[in-house]
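Peer 1: Following this line is model24.txt, made up of compact mmCIF, N, CA and C atoms:
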# COMPACT_ATOMS: atom_id res chain seq x y z
N MET A 262 90.93 64.48 176.58
CA MET A 262 92.03 65.43 176.49
C MET A 262 91.54 66.65 175.69
N PRO A 263 91.76 67.84 176.20
CA PRO A 263 91.35 69.04 175.46
C PRO A 263 92.13 69.15 174.14
N PRO A 264 91.54 69.76 173.14
CA PRO A 264 92.22 69.86 171.84
C PRO A 264 93.41 70.80 171.87
N VAL A 265 93.42 71.74 172.81
CA VAL A 265 94.54 72.68 172.90
C VAL A 265 94.72 73.08 174.37
N VAL A 266 95.99 73.12 174.80
CA VAL A 266 96.31 73.39 176.20
C VAL A 266 97.39 74.47 176.26
N LEU A 267 97.16 75.48 177.10
CA LEU A 267 98.18 76.48 177.37
C LEU A 267 98.74 76.21 178.76
N LEU A 268 100.02 75.96 178.82
CA LEU A 268 100.70 75.78 180.10
C LEU A 268 101.20 77.16 180.51
N HIS A 269 100.40 77.79 181.35
CA HIS A 269 100.59 79.19 181.75
C HIS A 269 101.89 79.39 182.52
N SER A 270 102.69 80.34 182.07
CA SER A 270 103.98 80.65 182.72
C SER A 270 104.72 79.35 183.05
N TYR A 271 104.94 78.55 182.02
CA TYR A 271 105.52 77.22 182.20
C TYR A 271 106.84 77.30 182.95
N SER A 272 106.91 76.58 184.06
CA SER A 272 108.13 76.57 184.86
C SER A 272 108.63 75.15 185.10
N GLY A 273 108.13 74.22 184.29
CA GLY A 273 108.61 72.84 184.39
C GLY A 273 109.94 72.68 183.67
N SER A 274 110.42 71.47 183.66
CA SER A 274 111.72 71.19 183.06
C SER A 274 111.61 71.04 181.54
N ALA A 275 112.77 71.11 180.89
CA ALA A 275 112.83 70.88 179.44
C ALA A 275 112.43 69.44 179.13
N ASP A 276 112.79 68.51 180.01
CA ASP A 276 112.46 67.10 179.81
C ASP A 276 110.95 66.88 179.83
N ILE A 277 110.27 67.46 180.79
CA ILE A 277 108.81 67.33 180.87
C ILE A 277 108.16 67.96 179.65
N ALA A 278 108.65 69.13 179.23
CA ALA A 278 108.11 69.79 178.04
C ALA A 278 108.24 68.89 176.82
N THR A 279 109.38 68.26 176.67
CA THR A 279 109.61 67.34 175.54
C THR A 279 108.64 66.16 175.60
N GLN A 280 108.42 65.63 176.80
CA GLN A 280 107.48 64.52 176.94
C GLN A 280 106.05 64.95 176.58
N LEU A 281 105.66 66.15 176.99
CA LEU A 281 104.32 66.65 176.66
C LEU A 281 104.16 66.81 175.15
N LEU A 282 105.19 67.28 174.48
CA LEU A 282 105.12 67.44 173.03
C LEU A 282 104.88 66.11 172.33
N ARG A 283 105.39 65.05 172.88
CA ARG A 283 105.22 63.72 172.27
C ARG A 283 103.79 63.20 172.40
N LEU A 284 102.98 63.81 173.26
CA LEU A 284 101.61 63.35 173.46
C LEU A 284 100.65 63.77 172.34
N THR A 285 101.06 64.71 171.51
CA THR A 285 100.21 65.13 170.39
C THR A 285 100.32 64.10 169.28
N PRO A 286 99.20 63.49 168.89
CA PRO A 286 99.24 62.49 167.82
C PRO A 286 99.76 63.11 166.51
N ALA A 287 100.41 62.27 165.72
CA ALA A 287 100.94 62.71 164.42
C ALA A 287 99.81 63.25 163.55
N LYS A 288 100.14 64.20 162.72
CA LYS A 288 99.21 64.81 161.76
C LYS A 288 98.05 65.55 162.41
N GLN A 289 98.22 65.95 163.67
CA GLN A 289 97.22 66.78 164.33
C GLN A 289 97.86 68.11 164.67
N PRO A 290 97.04 69.16 164.78
CA PRO A 290 97.60 70.46 165.15
C PRO A 290 98.26 70.39 166.52
N PRO A 291 99.21 71.28 166.77
CA PRO A 291 99.87 71.29 168.08
C PRO A 291 98.83 71.36 169.20
N ARG A 292 99.00 70.55 170.22
CA ARG A 292 98.07 70.53 171.34
C ARG A 292 98.58 71.38 172.49
N TYR A 293 99.88 71.33 172.74
CA TYR A 293 100.44 72.02 173.90
C TYR A 293 101.17 73.28 173.48
N PHE A 294 100.81 74.38 174.14
CA PHE A 294 101.50 75.66 173.98
C PHE A 294 102.08 76.02 175.34
N PHE A 295 103.26 76.61 175.33
CA PHE A 295 103.98 76.93 176.55
C PHE A 295 104.10 78.45 176.67
N GLY A 296 103.48 79.00 177.70
CA GLY A 296 103.54 80.44 177.94
C GLY A 296 104.70 80.79 178.85
N PHE A 297 105.28 81.96 178.60
CA PHE A 297 106.38 82.47 179.42
C PHE A 297 106.09 83.92 179.76
N SER A 298 106.37 84.30 181.01
CA SER A 298 106.12 85.67 181.45
C SER A 298 107.29 86.17 182.30
N SER A 299 107.48 87.48 182.28
CA SER A 299 108.52 88.08 183.12
C SER A 299 108.19 87.91 184.59
N ALA A 300 106.91 88.07 184.93
CA ALA A 300 106.50 88.03 186.34
C ALA A 300 106.79 86.69 186.99
N ILE A 301 106.60 85.59 186.27
CA ILE A 301 106.82 84.26 186.84
C ILE A 301 108.17 83.70 186.40
N ASN A 302 108.37 83.57 185.09
CA ASN A 302 109.59 82.94 184.60
C ASN A 302 110.83 83.81 184.80
N GLY A 303 110.61 85.12 184.95
CA GLY A 303 111.74 86.02 185.16
C GLY A 303 112.47 85.76 186.47
N ARG A 304 111.84 85.06 187.36
CA ARG A 304 112.48 84.70 188.63
C ARG A 304 113.62 83.70 188.43
N ASN A 305 113.54 82.96 187.31
CA ASN A 305 114.58 81.96 187.01
C ASN A 305 114.73 81.85 185.49
N TRP A 306 115.23 82.92 184.88
CA TRP A 306 115.38 82.91 183.42
C TRP A 306 116.30 81.81 182.92
N PRO A 307 117.38 81.45 183.63
CA PRO A 307 118.22 80.36 183.10
C PRO A 307 117.43 79.07 182.86
N ALA A 308 116.52 78.72 183.77
CA ALA A 308 115.70 77.52 183.58
C ALA A 308 114.75 77.70 182.41
N ALA A 309 114.13 78.87 182.32
CA ALA A 309 113.21 79.14 181.20
C ALA A 309 113.94 79.10 179.87
N LEU A 310 115.15 79.61 179.84
CA LEU A 310 115.93 79.60 178.59
C LEU A 310 116.26 78.18 178.15
N ARG A 311 116.54 77.31 179.11
CA ARG A 311 116.80 75.90 178.75
C ARG A 311 115.56 75.28 178.09
N VAL A 312 114.39 75.60 178.60
CA VAL A 312 113.15 75.06 178.03
C VAL A 312 112.92 75.67 176.65
N LEU A 313 113.10 76.98 176.52
CA LEU A 313 112.88 77.65 175.24
C LEU A 313 113.79 77.09 174.15
N GLN A 314 114.95 76.62 174.52
CA GLN A 314 115.89 76.09 173.53
C GLN A 314 115.49 74.73 173.00
N VAL A 315 114.64 73.99 173.73
CA VAL A 315 114.21 72.68 173.24
C VAL A 315 112.81 72.70 172.62
N LEU A 316 112.05 73.72 172.92
CA LEU A 316 110.68 73.80 172.37
C LEU A 316 110.70 74.22 170.91
N PRO A 317 109.82 73.64 170.10
CA PRO A 317 109.63 74.19 168.77
C PRO A 317 109.10 75.62 168.90
N ARG A 318 109.57 76.51 168.06
CA ARG A 318 109.16 77.91 168.17
C ARG A 318 107.66 78.10 168.02
N ASP A 319 107.00 77.20 167.29
CA ASP A 319 105.56 77.38 167.06
C ASP A 319 104.71 76.99 168.26
N ARG A 320 105.33 76.62 169.38
CA ARG A 320 104.59 76.24 170.58
C ARG A 320 104.73 77.24 171.71
N VAL A 321 105.40 78.36 171.47
CA VAL A 321 105.72 79.32 172.53
C VAL A 321 104.80 80.53 172.47
N LEU A 322 104.32 80.97 173.64
CA LEU A 322 103.52 82.18 173.76
C LEU A 322 104.14 83.10 174.80
N ALA A 323 103.99 84.40 174.60
CA ALA A 323 104.45 85.39 175.58
C ALA A 323 103.25 85.81 176.41
N GLU A 324 103.47 85.99 177.70
CA GLU A 324 102.41 86.41 178.61
C GLU A 324 102.88 87.62 179.41
N SER A 325 101.92 88.38 179.91
CA SER A 325 102.29 89.54 180.71
C SER A 325 101.97 89.35 182.19
N ASP A 326 100.85 88.74 182.52
CA ASP A 326 100.39 88.47 183.89
C ASP A 326 99.92 89.68 184.67
N LEU A 327 100.34 90.87 184.35
CA LEU A 327 99.93 92.05 185.10
C LEU A 327 99.33 93.07 184.13
N GLU A 328 98.04 93.30 184.27
CA GLU A 328 97.32 94.16 183.32
C GLU A 328 97.90 95.57 183.24
N ASP A 329 98.26 96.13 184.38
CA ASP A 329 98.72 97.52 184.38
C ASP A 329 100.11 97.70 183.80
N ALA A 330 100.85 96.62 183.59
CA ALA A 330 102.19 96.72 183.00
C ALA A 330 102.34 95.75 181.83
N ALA A 331 101.22 95.41 181.18
CA ALA A 331 101.22 94.36 180.16
C ALA A 331 102.20 94.63 179.03
N GLU A 332 102.18 95.84 178.48
CA GLU A 332 103.04 96.12 177.33
C GLU A 332 104.51 96.01 177.70
N GLU A 333 104.89 96.60 178.82
CA GLU A 333 106.30 96.55 179.25
C GLU A 333 106.75 95.12 179.51
N LEU A 334 105.90 94.33 180.18
CA LEU A 334 106.26 92.96 180.50
C LEU A 334 106.30 92.08 179.25
N CYS A 335 105.39 92.31 178.32
CA CYS A 335 105.44 91.55 177.07
C CYS A 335 106.71 91.89 176.29
N ASN A 336 107.11 93.14 176.33
CA ASN A 336 108.36 93.52 175.66
C ASN A 336 109.55 92.81 176.32
N ASP A 337 109.55 92.75 177.65
CA ASP A 337 110.63 92.08 178.37
C ASP A 337 110.71 90.60 178.01
N VAL A 338 109.57 89.92 178.04
CA VAL A 338 109.58 88.48 177.77
C VAL A 338 109.88 88.22 176.29
N THR A 339 109.42 89.09 175.40
CA THR A 339 109.72 88.93 173.98
C THR A 339 111.22 89.08 173.75
N GLN A 340 111.85 90.02 174.44
CA GLN A 340 113.31 90.18 174.32
C GLN A 340 114.02 88.92 174.83
N ALA A 341 113.58 88.38 175.95
CA ALA A 341 114.19 87.17 176.49
C ALA A 341 114.02 85.99 175.53
N ILE A 342 112.85 85.87 174.93
CA ILE A 342 112.60 84.79 173.96
C ILE A 342 113.48 84.98 172.73
N ALA A 343 113.59 86.20 172.25
CA ALA A 343 114.46 86.49 171.09
C ALA A 343 115.91 86.11 171.42
N ASP A 344 116.35 86.43 172.62
CA ASP A 344 117.72 86.06 173.03
C ASP A 344 117.90 84.54 173.03
N ALA A 345 116.91 83.82 173.57
CA ALA A 345 116.99 82.36 173.60
C ALA A 345 117.01 81.77 172.21
N TRP A 346 116.23 82.36 171.31
CA TRP A 346 116.15 81.87 169.94
C TRP A 346 117.27 82.40 169.05
N LYS A 347 118.04 83.35 169.59
CA LYS A 347 119.11 84.00 168.83
C LYS A 347 118.58 84.62 167.53
N CYS A 348 117.52 85.42 167.71
CA CYS A 348 116.90 86.11 166.58
C CYS A 348 116.57 87.53 167.01
N SER A 349 116.08 88.32 166.08
CA SER A 349 115.70 89.69 166.41
C SER A 349 114.37 89.70 167.17
N VAL A 350 114.13 90.80 167.87
CA VAL A 350 112.87 90.98 168.58
C VAL A 350 111.72 91.02 167.57
N VAL A 351 111.96 91.62 166.41
CA VAL A 351 110.93 91.70 165.38
C VAL A 351 110.53 90.30 164.92
N GLU A 352 111.52 89.44 164.70
CA GLU A 352 111.23 88.06 164.28
C GLU A 352 110.51 87.29 165.39
N ALA A 353 110.98 87.45 166.62
CA ALA A 353 110.33 86.77 167.74
C ALA A 353 108.89 87.24 167.89
N ARG A 354 108.67 88.54 167.80
CA ARG A 354 107.31 89.09 167.95
C ARG A 354 106.39 88.54 166.85
N ALA A 355 106.88 88.44 165.62
CA ALA A 355 106.06 87.92 164.52
C ALA A 355 105.69 86.45 164.78
N THR A 356 106.65 85.67 165.26
CA THR A 356 106.39 84.27 165.55
C THR A 356 105.40 84.13 166.70
N LEU A 357 105.59 84.91 167.76
CA LEU A 357 104.69 84.86 168.91
C LEU A 357 103.28 85.29 168.53
N ARG A 358 103.16 86.29 167.68
CA ARG A 358 101.84 86.75 167.22
C ARG A 358 101.14 85.64 166.44
N SER A 359 101.88 84.99 165.55
CA SER A 359 101.32 83.90 164.76
C SER A 359 100.89 82.73 165.66
N ASN A 360 101.71 82.43 166.66
CA ASN A 360 101.38 81.35 167.60
C ASN A 360 100.11 81.66 168.37
N LEU A 361 99.99 82.90 168.83
CA LEU A 361 98.80 83.29 169.59
C LEU A 361 97.54 83.18 168.73
N GLN A 362 97.66 83.60 167.48
CA GLN A 362 96.51 83.51 166.57
C GLN A 362 96.12 82.05 166.37
N ARG A 363 97.10 81.17 166.15
CA ARG A 363 96.81 79.76 165.93
C ARG A 363 96.21 79.12 167.19
N PHE A 364 96.73 79.49 168.37
CA PHE A 364 96.19 78.97 169.62
C PHE A 364 94.70 79.31 169.73
N PHE A 365 94.35 80.58 169.51
CA PHE A 365 92.95 80.99 169.63
C PHE A 365 92.08 80.38 168.54
N GLU A 366 92.60 80.22 167.35
CA GLU A 366 91.83 79.57 166.29
C GLU A 366 91.48 78.13 166.69
N GLN A 367 92.47 77.40 167.21
CA GLN A 367 92.22 76.02 167.63
C GLN A 367 91.25 75.99 168.81
N HIS A 368 91.42 76.89 169.76
CA HIS A 368 90.54 76.96 170.92
C HIS A 368 89.11 77.25 170.48
N ASN A 369 88.95 78.24 169.63
CA ASN A 369 87.61 78.63 169.18
C ASN A 369 86.96 77.53 168.35
N ARG A 370 87.73 76.86 167.51
CA ARG A 370 87.19 75.76 166.70
C ARG A 370 86.68 74.65 167.61
N ALA A 371 87.44 74.34 168.65
CA ALA A 371 87.02 73.29 169.58
C ALA A 371 85.77 73.72 170.35
N ALA A 372 85.72 74.98 170.74
CA ALA A 372 84.56 75.49 171.49
C ALA A 372 83.30 75.44 170.63
N GLU A 373 83.43 75.72 169.35
CA GLU A 373 82.28 75.70 168.45
C GLU A 373 81.72 74.29 168.28
N GLN A 374 82.55 73.28 168.51
CA GLN A 374 82.12 71.89 168.32
C GLN A 374 81.44 71.30 169.55
N LEU A 375 81.44 72.04 170.64
CA LEU A 375 80.77 71.53 171.83
C LEU A 375 79.26 71.51 171.62
N THR A 376 78.64 70.45 172.07
CA THR A 376 77.19 70.37 171.99
C THR A 376 76.60 71.15 173.16
N GLU A 377 75.32 71.43 173.08
CA GLU A 377 74.65 72.13 174.18
C GLU A 377 74.73 71.32 175.47
N ALA A 378 74.59 70.00 175.37
CA ALA A 378 74.67 69.15 176.56
C ALA A 378 76.08 69.21 177.17
N GLN A 379 77.11 69.24 176.34
CA GLN A 379 78.47 69.35 176.85
C GLN A 379 78.68 70.69 177.55
N CYS A 380 78.14 71.75 176.99
CA CYS A 380 78.26 73.08 177.61
C CYS A 380 77.57 73.09 178.98
N ARG A 381 76.38 72.49 179.08
CA ARG A 381 75.68 72.43 180.36
C ARG A 381 76.49 71.62 181.37
N SER A 382 77.08 70.52 180.93
CA SER A 382 77.88 69.68 181.82
C SER A 382 79.11 70.44 182.33
N ILE A 383 79.78 71.17 181.45
CA ILE A 383 80.95 71.96 181.84
C ILE A 383 80.54 73.04 182.82
N ALA A 384 79.45 73.74 182.52
CA ALA A 384 78.97 74.81 183.40
C ALA A 384 78.61 74.25 184.78
N ALA A 385 77.96 73.08 184.79
CA ALA A 385 77.59 72.48 186.07
C ALA A 385 78.84 72.12 186.88
N ALA A 386 79.85 71.62 186.22
CA ALA A 386 81.09 71.28 186.93
C ALA A 386 81.80 72.51 187.46
N LEU A 387 81.78 73.59 186.69
CA LEU A 387 82.47 74.81 187.09
C LEU A 387 81.78 75.52 188.25
N PHE A 388 80.46 75.44 188.29
CA PHE A 388 79.72 76.21 189.27
C PHE A 388 79.09 75.38 190.38
N SER A 389 79.49 74.12 190.46
CA SER A 389 78.95 73.31 191.57
C SER A 389 79.73 73.60 192.84
N ASP A 390 79.08 73.36 193.97
CA ASP A 390 79.74 73.63 195.27
C ASP A 390 80.66 72.57 195.65
What does this structure look like when you write it as structure tokens?

Peer 2:
Amino acid sequence: MPPVVLLHSYSGSADIATQLLRLTPAKQPPRYFFGFSSAINGRNWPAALRVLQVLPRDRVLAESDLEDAAEELCNDVTQAIADAWKCSVVEARATLRSNLQRFFEQHNRAAEQLTEAQCRSIAAALFSD
């Protein structure tokens, strides 16, 4: 199991999200992070809002999905997350920024622990026909 997982533009149910959260062993850093984007989740915000209401705030990430409109889309999804959390956009943005930093710290720490043999094995799997 990877040390940290981002569920990109999570569109699963609140029940599945809750079950995934239970898979992280006690006293370990959060393993699952749930990303939300306007481009994907905006198609069904009511479902995304139900999930956002059951997730711990420290597991949520904002995504943009479209490079040419990244700032506008991140603002849209941050506003939607703030609405779900019933907080200000400033508070939501601070939480999302902290979550993103923690996600990358965990990802980078895990990557640094890979041995050269593990890196070769991963590369071979990724680039095999």

Peer 1: So which residues touch segment 269-272 of chain A within 9 Å, counting only C-alpha atoms, skipping near sequence neighbours fewer than 2 positions away, as number ranges by chain?

Peer 2: A: 267, 274, 278, 294-302, 305, 308-309, 312, 323-324, 326

Peer 1: Atom CA of Leu281 of chain A to atom CA of Ser349 of chain A: how many Å, to one decimal?

Peer 2: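 These two atoms are separated by 27.7 Å.
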
Peer 1: Could you tell me how far atom N of Leu313 of chain A lies from atom N of Tyr293 of chain A, in Å and to one decimal?

Peer 2: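 Straight-line distance from atom N of Leu313 of chain A to atom N of Tyr293 of chain A works out to 14.9 Å.
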
Peer 1: I'd like the interatomic distance between atom CA of Arg292 of chain A and atom CA of Pro264 of chain A, to a tenth of an Å.

Peer 2: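 A separation of 5.9 Å between them.
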
Peer 1: Would you return as a list in words the members of segment 278-383 of chain A that DSSP assigns to strand (DSSP E) on this structure's backbone?

Peer 2: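 Reading the DSSP output for segment 278-383 of chain A, strand (DSSP E) covers Tyr293, Phe294, Phe295, Gly296, Phe297, Ser298, Val321, Leu322, Ala323 and Glu324 of chain A.
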
Peer 1: Around all the atoms of segment 270-288 of chain A listed in the file, with 3 Å of room on each side, what axis-aligned box do you get, giving centre and edge lengths in Å to one decimal, as AutoDock Vina command-line options?

Peer 2:
--center_x 105.4 --center_y 71.5 --center_z 173.4 --size_x 20.8 --size_y 24.4 --size_z 29.3

Peer 1: Could you list, as a PyMOL selection string, every residue within 10 Å of Val351 of chain A, counting only C-alpha atoms and ignoring same-chain residues fewer than 6 positions away?

Peer 2: chain A and resi 339-340+343+357

Peer 1: Using all atoms listed in the file, which protein or nucleic acid residues come within 8 Å of Asp344 of chain A? Drop anything in the same chain fewer than 6 positions from it, and give the result as a list in words.

Peer 2: Leu310, Val338, Val350 and Ala353 of chain A

Peer 1: Quick one: residues within 8 Å of Thr279 of chain A, only N, CA and C atoms, excluding same-chain residues fewer than 3 positions away - as a count of residues only?

Peer 2: 9

Peer 1: Using DSSP assignments from the backbone, pull out every residue in segment 266-382 of chain A that falls under alpha helix (DSSP H) and give it to me as a ChimeraX atom specification.

Peer 2: /A:275-282,299-302,306-315,331-346,350-373,377-382
